[in-house]
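Q: One file is attached below, input.pdb, containing PDB, C-alpha atoms.
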ATOM      1  CA  MET V   1     -21.510  53.092 -37.602
ATOM      2  CA  LEU V   2     -22.439  50.114 -35.456
ATOM      3  CA  ILE V   3     -21.198  50.542 -31.903
ATOM      4  CA  PRO V   4     -21.771  47.623 -29.541
ATOM      5  CA  ALA V   5     -22.947  48.416 -26.029
ATOM      6  CA  ILE V   6     -22.187  47.223 -22.515
ATOM      7  CA  ASP V   7     -24.678  48.445 -19.921
ATOM      8  CA  LEU V   8     -23.760  48.097 -16.241
ATOM      9  CA  LYS V   9     -26.065  47.815 -13.236
ATOM     10  CA  GLY V  10     -25.317  46.463  -9.789
ATOM     11  CA  GLY V  11     -21.867  45.261 -10.813
ATOM     12  CA  LYS V  12     -23.277  43.229 -13.710
ATOM     13  CA  VAL V  13     -23.630  43.525 -17.457
ATOM     14  CA  VAL V  14     -27.316  44.033 -18.275
ATOM     15  CA  GLN V  15     -29.614  45.026 -21.071
ATOM     16  CA  LEU V  16     -32.713  47.012 -20.169
ATOM     17  CA  ILE V  17     -35.299  47.674 -22.833
ATOM     18  CA  GLN V  18     -36.328  51.348 -22.713
ATOM     19  CA  GLY V  19     -34.683  51.606 -19.326
ATOM     20  CA  GLU V  20     -37.038  49.149 -17.625
ATOM     21  CA  LYS V  21     -37.455  45.561 -18.837
ATOM     22  CA  LEU V  22     -34.468  43.326 -18.016
ATOM     23  CA  ALA V  23     -33.402  41.295 -21.058
ATOM     24  CA  ILE V  24     -29.828  40.254 -20.076
ATOM     25  CA  GLU V  25     -28.010  40.009 -16.739
ATOM     26  CA  THR V  26     -24.550  38.454 -16.280
ATOM     27  CA  THR V  27     -21.349  38.814 -14.281
ATOM     28  CA  ASP V  28     -19.224  37.466 -17.164
ATOM     29  CA  LEU V  29     -17.499  40.715 -18.134
ATOM     30  CA  ASP V  30     -14.696  38.864 -19.936
ATOM     31  CA  TYR V  31     -17.215  37.351 -22.371
ATOM     32  CA  TRP V  32     -18.492  40.789 -23.399
ATOM     33  CA  ILE V  33     -15.021  42.296 -23.615
ATOM     34  CA  GLY V  34     -13.925  39.379 -25.804
ATOM     35  CA  ARG V  35     -17.034  39.650 -27.938
ATOM     36  CA  PHE V  36     -16.372  43.341 -28.638
ATOM     37  CA  THR V  37     -12.600  43.192 -29.109
ATOM     38  CA  GLY V  38     -11.790  44.556 -32.541
ATOM     39  CA  TYR V  39     -14.507  47.203 -32.628
ATOM     40  CA  ARG V  40     -13.271  50.775 -33.007
ATOM     41  CA  ARG V  41     -15.480  51.861 -30.090
ATOM     42  CA  VAL V  42     -17.711  50.337 -27.462
ATOM     43  CA  ASN V  43     -20.559  52.162 -25.754
ATOM     44  CA  VAL V  44     -20.460  51.700 -21.948
ATOM     45  CA  ILE V  45     -23.396  52.972 -19.916
ATOM     46  CA  ASP V  46     -23.379  52.989 -16.119
ATOM     47  CA  LEU V  47     -27.075  52.595 -15.385
ATOM     48  CA  ASP V  48     -26.564  52.928 -11.630
ATOM     49  CA  ALA V  49     -24.941  56.333 -12.147
ATOM     50  CA  ALA V  50     -27.710  57.245 -14.584
ATOM     51  CA  MET V  51     -30.352  56.336 -11.997
ATOM     52  CA  ASN V  52     -28.478  58.081  -9.164
ATOM     53  CA  SER V  53     -28.112  54.803  -7.271
ATOM     54  CA  GLY V  54     -24.339  54.346  -7.165
ATOM     55  CA  SER V  55     -21.720  53.754  -9.805
ATOM     56  CA  ASN V  56     -19.760  51.022 -11.504
ATOM     57  CA  ASP V  57     -16.515  53.001 -11.860
ATOM     58  CA  ASP V  58     -14.315  49.956 -11.182
ATOM     59  CA  LEU V  59     -15.972  48.038 -14.035
ATOM     60  CA  VAL V  60     -15.883  51.108 -16.282
ATOM     61  CA  ARG V  61     -12.146  51.468 -15.569
ATOM     62  CA  GLU V  62     -11.553  47.784 -16.350
ATOM     63  CA  ILE V  63     -13.512  47.901 -19.607
ATOM     64  CA  CYS V  64     -11.855  51.160 -20.694
ATOM     65  CA  GLY V  65      -8.464  49.589 -19.999
ATOM     66  CA  ARG V  66      -9.236  46.750 -22.411
ATOM     67  CA  LEU V  67     -11.465  48.345 -25.067
ATOM     68  CA  PRO V  68     -11.773  51.786 -26.685
ATOM     69  CA  CYS V  69     -14.871  53.158 -24.953
ATOM     70  CA  GLN V  70     -17.282  56.029 -24.948
ATOM     71  CA  VAL V  71     -18.914  56.185 -21.532
ATOM     72  CA  GLY V  72     -22.214  57.590 -20.343
ATOM     73  CA  GLY V  73     -24.773  57.281 -17.617
ATOM     74  CA  GLY V  74     -25.056  59.916 -14.918
ATOM     75  CA  VAL V  75     -22.768  62.418 -16.645
ATOM     76  CA  ARG V  76     -24.428  65.415 -15.010
ATOM     77  CA  SER V  77     -21.451  67.748 -14.759
ATOM     78  CA  PRO V  78     -18.282  68.644 -16.636
ATOM     79  CA  GLU V  79     -16.354  67.407 -13.579
ATOM     80  CA  ARG V  80     -17.881  63.944 -13.984
ATOM     81  CA  ALA V  81     -17.002  64.004 -17.690
ATOM     82  CA  LEU V  82     -13.393  64.762 -16.748
ATOM     83  CA  GLU V  83     -13.387  61.906 -14.190
ATOM     84  CA  LEU V  84     -14.569  59.451 -16.845
ATOM     85  CA  CYS V  85     -11.868  60.616 -19.249
ATOM     86  CA  ALA V  86      -9.309  60.183 -16.455
ATOM     87  CA  ILE V  87     -10.325  56.527 -15.956
ATOM     88  CA  GLY V  88      -9.991  55.802 -19.653
ATOM     89  CA  ALA V  89     -13.067  56.954 -21.566
ATOM     90  CA  LYS V  90     -12.150  58.173 -25.054
ATOM     91  CA  LYS V  91     -15.431  60.114 -25.229
ATOM     92  CA  VAL V  92     -18.284  60.892 -22.847
ATOM     93  CA  ILE V  93     -21.978  60.567 -23.546
ATOM     94  CA  VAL V  94     -24.031  63.409 -22.101
ATOM     95  CA  GLY V  95     -27.819  63.265 -22.183
ATOM     96  CA  SER V  96     -30.184  64.859 -19.684
ATOM     97  CA  ALA V  97     -27.606  67.455 -18.609
ATOM     98  CA  LEU V  98     -27.828  68.981 -22.102
ATOM     99  CA  PHE V  99     -31.512  69.832 -21.658
ATOM    100  CA  LYS V 100     -33.288  72.345 -19.456
ATOM    101  CA  ASP V 101     -36.934  73.429 -19.422
ATOM    102  CA  GLY V 102     -37.740  71.131 -22.345
ATOM    103  CA  ARG V 103     -35.062  72.513 -24.667
ATOM    104  CA  ALA V 104     -31.417  72.017 -25.527
ATOM    105  CA  ASP V 105     -29.284  73.978 -23.040
ATOM    106  CA  VAL V 106     -26.452  75.736 -24.889
ATOM    107  CA  GLY V 107     -24.851  76.964 -21.655
ATOM    108  CA  SER V 108     -24.522  73.443 -20.281
ATOM    109  CA  ALA V 109     -23.280  72.092 -23.613
ATOM    110  CA  MET V 110     -20.625  74.790 -23.727
ATOM    111  CA  LEU V 111     -19.370  73.836 -20.243
ATOM    112  CA  PHE V 112     -18.978  70.170 -21.242
ATOM    113  CA  ALA V 113     -17.223  71.094 -24.496
ATOM    114  CA  ASP V 114     -14.870  73.446 -22.659
ATOM    115  CA  ALA V 115     -14.061  70.774 -20.060
ATOM    116  CA  VAL V 116     -13.222  67.800 -22.292
ATOM    117  CA  GLY V 117     -13.198  69.198 -25.825
ATOM    118  CA  VAL V 118     -15.949  69.181 -28.442
ATOM    119  CA  SER V 119     -14.607  66.034 -30.108
ATOM    120  CA  ARG V 120     -15.021  64.063 -26.854
ATOM    121  CA  VAL V 121     -18.646  65.092 -26.176
ATOM    122  CA  ILE V 122     -21.371  62.844 -27.559
ATOM    123  CA  GLY V 123     -24.811  64.362 -27.198
ATOM    124  CA  ALA V 124     -27.375  61.679 -26.355
ATOM    125  CA  VAL V 125     -30.725  62.559 -27.836
ATOM    126  CA  ASP V 126     -32.829  59.589 -26.744
ATOM    127  CA  SER V 127     -36.243  59.825 -28.306
ATOM    128  CA  LYS V 128     -39.610  58.217 -27.940
ATOM    129  CA  GLY V 129     -42.657  59.153 -29.961
ATOM    130  CA  GLY V 130     -40.555  61.562 -32.020
ATOM    131  CA  ARG V 131     -39.515  63.701 -29.025
ATOM    132  CA  VAL V 132     -36.310  63.769 -27.011
ATOM    133  CA  VAL V 133     -36.702  62.133 -23.616
ATOM    134  CA  THR V 134     -34.489  62.684 -20.579
ATOM    135  CA  HIS V 135     -33.998  61.387 -17.044
ATOM    136  CA  GLY V 136     -34.036  57.682 -17.911
ATOM    137  CA  TRP V 137     -36.667  57.940 -20.638
ATOM    138  CA  LYS V 138     -39.116  59.410 -18.081
ATOM    139  CA  SER V 139     -39.451  63.066 -19.179
ATOM    140  CA  SER V 140     -40.372  64.218 -22.676
ATOM    141  CA  THR V 141     -38.879  67.533 -23.760
ATOM    142  CA  GLY V 142     -41.202  68.280 -26.640
ATOM    143  CA  THR V 143     -38.068  68.831 -28.754
ATOM    144  CA  THR V 144     -37.224  66.616 -31.732
ATOM    145  CA  ALA V 145     -33.798  65.023 -32.119
ATOM    146  CA  VAL V 146     -33.192  67.162 -35.204
ATOM    147  CA  GLU V 147     -33.986  70.370 -33.317
ATOM    148  CA  ALA V 148     -31.723  69.342 -30.438
ATOM    149  CA  ALA V 149     -28.853  68.377 -32.763
ATOM    150  CA  GLN V 150     -29.089  71.670 -34.632
ATOM    151  CA  VAL V 151     -28.781  73.660 -31.399
ATOM    152  CA  LEU V 152     -26.093  71.457 -29.813
ATOM    153  CA  GLU V 153     -23.979  70.855 -32.923
ATOM    154  CA  PRO V 154     -21.252  73.424 -32.081
ATOM    155  CA  TYR V 155     -20.647  71.733 -28.704
ATOM    156  CA  CYS V 156     -20.919  68.023 -29.519
ATOM    157  CA  GLY V 157     -18.571  66.096 -31.767
ATOM    158  CA  GLU V 158     -21.346  63.638 -32.546
ATOM    159  CA  PHE V 159     -24.730  62.423 -31.391
ATOM    160  CA  LEU V 160     -26.170  59.195 -30.065
ATOM    161  CA  HIS V 161     -29.780  58.708 -31.089
ATOM    162  CA  PRO V 162     -31.595  55.643 -29.735
ATOM    163  CA  ARG V 163     -35.211  55.856 -30.793
ATOM    164  CA  GLY V 164     -37.043  53.793 -28.212
ATOM    165  CA  GLN V 165     -36.653  50.293 -29.612
ATOM    166  CA  GLY V 166     -34.445  49.281 -26.700
ATOM    167  CA  ARG V 167     -31.400  49.031 -28.954
ATOM    168  CA  THR V 168     -28.393  51.263 -28.704
ATOM    169  CA  ASP V 169     -27.036  50.608 -32.182
ATOM    170  CA  GLU V 170     -28.659  53.598 -33.840
ATOM    171  CA  ARG V 171     -25.944  56.227 -33.787
ATOM    172  CA  HIS V 172     -25.869  59.027 -36.263
ATOM    173  CA  ARG V 173     -23.320  61.700 -36.901
ATOM    174  CA  TYR V 174     -25.242  64.904 -37.543
ATOM    175  CA  ARG V 175     -23.703  67.191 -40.142
ATOM    176  CA  GLY V 176     -26.456  69.641 -40.857
ATOM    177  CA  ASP V 177     -28.662  67.167 -42.731
ATOM    178  CA  PRO V 178     -31.795  66.637 -40.614
ATOM    179  CA  ARG V 179     -32.387  63.235 -42.191
ATOM    180  CA  ARG V 180     -29.238  62.018 -40.399
ATOM    181  CA  ALA V 181     -30.013  63.324 -36.901
TER     182      ALA V 181
END
For this file, produce the structure as structure tokens.

A:
Amino acid sequence: MLIPAIDLKGGKVVQLIQGEKLAIETTDLDYWIGRFTGYRRVNVIDLDAAMNSGSNDDLVREICGRLPCQVGGGVRSPERALELCAIGAKKVIVGSALFKDGRADVGSAMLFADAVGVSRVIGAVDSKGGRVVTHGWKSSTGTTAVEAAQVLEPYCGEFLHPRGQGRTDERHRYRGDPRRA
């Protein structure tokens, strides 16, 4: 499924390639909302929250009020996942918080699933060089996306799997077939 993305940083819509190189920066939120009207879901990532440098909750709320959204970026606790659902997110994208000591963390995944429901948790398994990376693409876990999906499957309704090309259109629903993770 193709899911368009709106990334937010500093109150603007941006696109960062692999979390670093700025490719797009605009304040024209209406353009992006209009462009993605009609999609079943839109991926919204708060890069400021992800980088621990603030949040764009007002923009997230506005986008979620106008488009069906799954929201991520800085979702470090089940409480934050609940907050995002309360401001309109249909689903929450959880990445780094699902990993500990280089492996998928079942305990953390269970807490998120219990808080918002399995069907609303999207496990982000960003990968670079064949290994899952966390903390803004900075830390490699040594775990493959397939290994992570197999462990996290009972706690995540689906998975988001960008593979380092700087695009966020590579989402896969894992159903036990490692070729799809």

Q: Determine the residue set returned by the PyMOL selection byres ((chain V and resi 64-73) around 7) for the present structure, and present it as an NGL selection string.

A: :V and (37 or 40-47 or 49-50 or 60-63 or 74-75 or 88-94)

Q: I'd like the residues picked by the PyMOL selection byres ((chain V and resi 116) around 9) written out as a PyMOL selection string, using the chain letters and numbers from the file.

A: chain V and resi 78+81-82+85+91-92+111-115+117-121

Q: Keeping only C-alpha atoms, write those residues as a PDB file, in the coordinates of the input.

A:
ATOM      1  CA  PRO V  78     -18.282  68.644 -16.636  1.00  0.00           C
ATOM      2  CA  ALA V  81     -17.002  64.004 -17.690  1.00  0.00           C
ATOM      3  CA  LEU V  82     -13.393  64.762 -16.748  1.00  0.00           C
ATOM      4  CA  CYS V  85     -11.868  60.616 -19.249  1.00  0.00           C
ATOM      5  CA  LYS V  91     -15.431  60.114 -25.229  1.00  0.00           C
ATOM      6  CA  VAL V  92     -18.284  60.892 -22.847  1.00  0.00           C
ATOM      7  CA  LEU V 111     -19.370  73.836 -20.243  1.00  0.00           C
ATOM      8  CA  PHE V 112     -18.978  70.170 -21.242  1.00  0.00           C
ATOM      9  CA  ALA V 113     -17.223  71.094 -24.496  1.00  0.00           C
ATOM     10  CA  ASP V 114     -14.870  73.446 -22.659  1.00  0.00           C
ATOM     11  CA  ALA V 115     -14.061  70.774 -20.060  1.00  0.00           C
ATOM     12  CA  GLY V 117     -13.198  69.198 -25.825  1.00  0.00           C
ATOM     13  CA  VAL V 118     -15.949  69.181 -28.442  1.00  0.00           C
ATOM     14  CA  SER V 119     -14.607  66.034 -30.108  1.00  0.00           C
ATOM     15  CA  ARG V 120     -15.021  64.063 -26.854  1.00  0.00           C
ATOM     16  CA  VAL V 121     -18.646  65.092 -26.176  1.00  0.00           C
TER      17      VAL V 121
END

Q: Let me make sure I understand: among V:Leu16, V:Val106, V:Leu59, V:Ala124, which one has the smallest atom-to-atom distance to Asp28 of chain V if we use all atoms listed in the file?

A: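 The answer is V:Leu59, which sits nearest to Asp28 of chain V.
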
Q: Counting all atoms listed in the file, figure out which residue out of V:Ser96, V:Ser108, V:Ser77, V:Ser55 gets nearest to Tyr155 of chain V.

A: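 Comparing V:Ser96, V:Ser108, V:Ser77, V:Ser55 against Tyr155 of chain V, the winner is V:Ser108.
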
Q: When the PyMOL selection byres ((chain V and resi 129) around 10) is applied to the structure above, which residues does it catch, written out as a list of chain:residue names?

A: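 Listing what the PyMOL selection byres ((chain V and resi 129) around 10) selects in the shown file: V:Ser127, V:Lys128, V:Gly130, V:Arg131, V:Val132, V:Val133, V:Ser140, V:Gly142, V:Thr144, V:Arg163, V:Gly164.
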
Q: Go through V:Val13, V:Ile122, V:Ala86, V:Ala148 one by one, measure the shortest atom-to-atom distance of each to Lys100 of chain V using all atoms listed in the file, and give the residue with the smallest value.

A: V:Ala148

Q: Suppose you want the space between atom CA of Ala145 of chain V and atom CA of Val125 of chain V; what is it in Å?

A: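 Result for atom CA of Ala145 of chain V versus atom CA of Val125 of chain V: 5.8 Å, one decimal.
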
Q: Considering all atoms listed in the file, can you say which of V:Leu160, V:Leu22, V:Met110, V:Ile87 comes closest to Ile3 of chain V?

A: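 Closest to Ile3 of chain V of all the choices is V:Leu160.
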
Q: In Å to one decimal, how far is atom CA of Trp32 of chain V from atom CA of Phe159 of chain V?

A: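 Separation of atom CA of Phe159 of chain V and atom CA of Trp32 of chain V: 23.9 Å.
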
Q: Return the single residue from V:Asp48, V:Glu153, V:Glu158, V:Asp57 that is closest to Glu83 of chain V, with distances computed using all atoms listed in the file.

A: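 For Glu83 of chain V, the nearest of the candidates is V:Asp57.
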
Q: Using only C-alpha atoms, pick whichever of V:Asp126, V:Val14, V:Arg80, V:Met51 has the shortest atom-to-atom distance to His161 of chain V.

A: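 Selected residue with least distance to His161 of chain V: V:Asp126.
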
Q: Could you jot down the atom CA of Gly34 of chain V to atom CA of Gly10 of chain V separation for me, Å, one decimal place?

A: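 So the two atoms, atom CA of Gly34 of chain V and atom CA of Gly10 of chain V, lie 20.9 Å apart.
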
Q: Could you check which residues have any atom within 9 Å of (-29.7, 70.3, -24.4), counting all atoms listed in the file with coordinates taken straight from the file, and then list them as an NGL selection string?

A: :V and (95-100 or 102-109 or 123 or 125 or 148-149 or 151-152)
